[in-house]
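A.B. asks: My questions will all concern the structure given below.
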Amino acid sequence: MGEVDADIRRASTLPSRYYTDPELFTGLLKHFKQQWCFAAHRCEAQENNVMPLPHIEAQTGEPMLLSVQDEEARILSGVCTHRGMILTDRPCKTNVIQCPYHGRTFGLDGCFRAMPGFEGVEDFPTDKDDLATFDSGEWNGFFFASLEAKDFATWFAPFIKRMSWWPGSSSITYDRSRHRDHSIEANWIAYVDNYLEGFHIPFVHGDLHATLDHDDYQTELFDGSVLQIGIAREGEPCFDLPQDSVDYGKRIAAYYWWFFPGLMLNVYPWGMSVNIIIPESVNRTRVIYHGYVTDQNKIGIGAGGDLDKVELEDQTVVSGVQRGMNSATYDRGRYSPQHETGVHHFHCMLSK
Ligand code: FES
Ligand SMILES: [Fe+2]
């Protein structure tokens, strides 16, 4: 058993050193390398078929490229096999990937093509000169990449099952204007804790609270993920769900999906906001937003309306918690069994 009791009624929260100890911070980074990372949506590669994935490098330390050739997509290493140069920092449209350092070229499948000045080199090229390929998974045009092979379908099963009615890949567009890059003075765990409960909504998010029915807020736990469901108040926008959805008949305003440790897929009637958590230091976290629109007419209304305001409200409390974690008087608290099952689930995973 880990440091956090599996029974929420008996459990105390994570000790404050999880938020303040630089060694513990470094040790926990391994979790980011062991999970599937969000890469991009197919629609982003329509103009530029080779795309660097800087958020994955920030999360895992591994430079990667999404390479799309006809319908086939691959996640390749973004590191040249000659002397290790980064192949590109910019998306580009190309049939061949050329290293900017000494001109080595690769096909879009990552295979070595050519290299000047290498006449006479023995036993060259071999498959060591090809770009490494990472495991990838795709759902509805959304690509995910992994450094350590795990079954994508199993990992993503709760989402796939629940969201099968969602619009198809061809009706999804990337909205550059919804991109955000936030830097928050707090440990990443404090940011995730806050995401995993709706308990704070009446106190912290006045406008969001006015759109959601607080008594009906739901949290469901899965192996490796948590789903929170926001129910719309009367007259507030919600999904028009098909009969084959288990949620048919409910007035759902938002599905908030979190995947351990640092991926959030927020599904609203207008589309999906992807939040990517990047731990920078023990007390600094970067949060990147990508927005994918399915229904332009629903932008700006309901629970997914003013995300910037909600984000800033969250940052205020999360950085407040970080200051509190440094106090000599605070170490651990207790959980609300009614409202904090998501936070408890996360803490059990982390402390295992
Ligand atoms: S490092 Fe790429 S060609 Fe030399
Ligand atoms: Fe919040």
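Convention: chains lettered A, B, ... in structure tokens order; per-chain residue numbering from 1; ligands numbered from 1 as shown.
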Counting only C-alpha atoms and all ligand atoms, what are the residues, protein, DNA or RNA alike, that approach ligand 1 to within 12 Å? I want them as an MDAnalysis selection string.
C.D. replies: chainID A and resid 78:88 97:106 112:118 129:131
A.B. asks: To test your reading of the structure, identify every residue in stretch 108-265 of chain A that backbone DSSP assigns to strand (DSSP E or B), and report it as a PyMOL selection string.
C.D. replies: chain A and resi 112-114+133-139+142-146+173-184+212+218-222+225-232+252-259+263-265
A.B. asks: Could you give me, as a list of chain:residue names, every polymer residue with an atom at most 9 Å away from an atom of ligand 2, counting only C-alpha atoms and all ligand atoms?
C.D. replies: A:Asn194, A:Tyr195, A:Leu196, A:Glu197, A:Gly198, A:Phe199, A:His200, A:Ile201, A:Val204, A:His205, A:Leu208, A:Val310, A:Glu311, A:Leu312, A:Glu313, A:Asp314, A:Gln315, A:Val317
A.B. asks: Distance table requested - stretch 159-221 of chain A against stretch 241-245 of chain A, cut-off 10 Å, only C-alpha atoms: one row per qualifying residue with the closest atom pair and its distance in Å to one decimal, ordered by chain and rising residue number, as CSV.
C.D. replies:
```
residue,atom,partner,partner_atom,distance
A:Lys161,CA,A:Ser245,CA,9.1
A:Arg162,CA,A:Ser245,CA,7.2
A:Met163,CA,A:Ser245,CA,8.0
A:Ser164,CA,A:Ser245,CA,8.1
A:Trp165,CA,A:Pro242,CA,7.1
A:Trp166,CA,A:Leu241,CA,9.1
```
A.B. asks: Output N, CA and C atoms for every residue in that selection, as a PDB file, in the first residue's frame.
C.D. replies:
```pdb
ATOM      1  N   LYS A 161     -15.078   4.568 -25.546  1.00  0.00           N
ATOM      2  CA  LYS A 161     -16.403   3.999 -25.300  1.00  0.00           C
ATOM      3  C   LYS A 161     -17.428   5.114 -25.044  1.00  0.00           C
ATOM      4  N   ARG A 162     -17.034   6.060 -24.230  1.00  0.00           N
ATOM      5  CA  ARG A 162     -17.968   7.096 -23.802  1.00  0.00           C
ATOM      6  C   ARG A 162     -18.232   8.130 -24.886  1.00  0.00           C
ATOM      7  N   MET A 163     -17.227   8.398 -25.719  1.00  0.00           N
ATOM      8  CA  MET A 163     -17.316   9.525 -26.653  1.00  0.00           C
ATOM      9  C   MET A 163     -17.512   9.061 -28.101  1.00  0.00           C
ATOM     10  N   SER A 164     -17.966   7.834 -28.304  1.00  0.00           N
ATOM     11  CA  SER A 164     -18.033   7.272 -29.663  1.00  0.00           C
ATOM     12  C   SER A 164     -18.939   8.092 -30.583  1.00  0.00           C
ATOM     13  N   TRP A 165     -19.868   8.838 -30.022  1.00  0.00           N
ATOM     14  CA  TRP A 165     -20.817   9.627 -30.808  1.00  0.00           C
ATOM     15  C   TRP A 165     -20.218  10.952 -31.288  1.00  0.00           C
ATOM     16  N   TRP A 166     -19.029  11.269 -30.835  1.00  0.00           N
ATOM     17  CA  TRP A 166     -18.433  12.575 -31.136  1.00  0.00           C
ATOM     18  C   TRP A 166     -18.223  12.746 -32.642  1.00  0.00           C
TER      19      TRP A 166
END
```
A.B. asks: So what do you get for atom CA of A:Gly304 versus atom CA of A:Asp240, distance-wise?
C.D. replies: 15.2 Å
A.B. asks: I'd like the interatomic distance between atom CA of A:Ser136 and atom CA of A:Phe38, to a tenth of an Å.
C.D. replies: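 Separating atom CA of A:Ser136 from atom CA of A:Phe38 is a distance of 9.8 Å.
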A.B. asks: Can you list, as number ranges by chain, every protein, DNA or RNA residue that comes within 12 Å of stretch 147-153 of chain A when you count only C-alpha atoms, leaving out same-chain residues fewer than 6 positions away?
C.D. replies: A: 30-38, 56-57, 59-64, 75-77, 132-139, 159-161
A.B. asks: Could you tell me how far atom CA of A:Pro52 sits from atom CA of A:Gly271, in Å to one decimal place?
C.D. replies: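 Rounded to one decimal, the two atoms are 23.6 Å apart.
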A.B. asks: Output as a PyMOL selection string all residues of stretch 90-296 of chain A that backbone DSSP marks as helix (DSSP H, G or I).
C.D. replies: chain A and resi 127-129+152-162+169-171+188-195+201-204+206-211+214-216+296
A.B. asks: Tell me which protein, DNA and RNA residues are within 6 Å of A:Cys348, counting only C-alpha atoms, leaving out same-chain ones fewer than 3 positions away, and put them as an NGL selection string.
C.D. replies: :A and (4 or 345 or 351)
A.B. asks: Counting only C-alpha atoms, what is within 10 Å of A:Glu220, bar same-chain residues fewer than 5 positions away, as a list in words?
C.D. replies: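 Once the adjacent positions are removed, what remains is Ser225, Val226, Leu227, Gln228, Ile229, Trp257, Thr341 and Gly342 of chain A.
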A.B. asks: Residues within 10 Å of A:Pro91, please, as a compact mmCIF listing (two decimals) with N, CA and C atoms, in the first residue's frame. Count only C-alpha atoms; anything in the same chain fewer than 4 positions from it doesn't count.
C.D. replies:
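Output file around-v4.txt follows:
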```txt
# COMPACT_ATOMS: atom_id res chain seq x y z
N GLU A 44 -4.07 19.36 -38.45
CA GLU A 44 -2.94 20.28 -38.33
C GLU A 44 -1.85 19.95 -39.33
N ALA A 45 -1.85 18.72 -39.82
CA ALA A 45 -0.80 18.30 -40.75
C ALA A 45 -1.24 18.43 -42.20
N GLU A 47 -1.58 21.22 -44.07
CA GLU A 47 -0.69 22.13 -44.81
C GLU A 47 0.76 21.72 -44.67
N ASN A 48 1.16 21.40 -43.46
CA ASN A 48 2.54 21.01 -43.20
C ASN A 48 2.57 19.57 -42.72
N ASN A 49 3.13 18.71 -43.56
CA ASN A 49 3.02 17.28 -43.24
C ASN A 49 4.13 16.77 -42.32
N VAL A 50 5.10 17.62 -41.99
CA VAL A 50 6.09 17.24 -40.98
C VAL A 50 6.04 18.29 -39.85
N MET A 51 5.66 17.82 -38.68
CA MET A 51 5.44 18.75 -37.57
C MET A 51 6.24 18.35 -36.35
N PRO A 52 7.09 19.26 -35.84
CA PRO A 52 7.73 18.96 -34.56
C PRO A 52 6.68 18.99 -33.45
N LEU A 53 6.93 18.26 -32.38
CA LEU A 53 5.97 18.18 -31.27
C LEU A 53 6.66 18.70 -30.00
N LEU A 65 8.77 14.07 -34.14
CA LEU A 65 8.11 14.67 -35.30
C LEU A 65 6.90 13.84 -35.66
N LEU A 66 5.81 14.53 -36.04
CA LEU A 66 4.69 13.83 -36.66
C LEU A 66 4.92 13.94 -38.16
N SER A 67 4.95 12.80 -38.84
CA SER A 67 5.18 12.80 -40.28
C SER A 67 3.99 12.14 -40.96
```
A.B. asks: For A:Arg10, work out the shell of residues within 9 Å, counting only C-alpha atoms and skipping chain neighbours fewer than 3 positions away, then give it as number ranges by chain.
C.D. replies: A: 5-7, 334-335
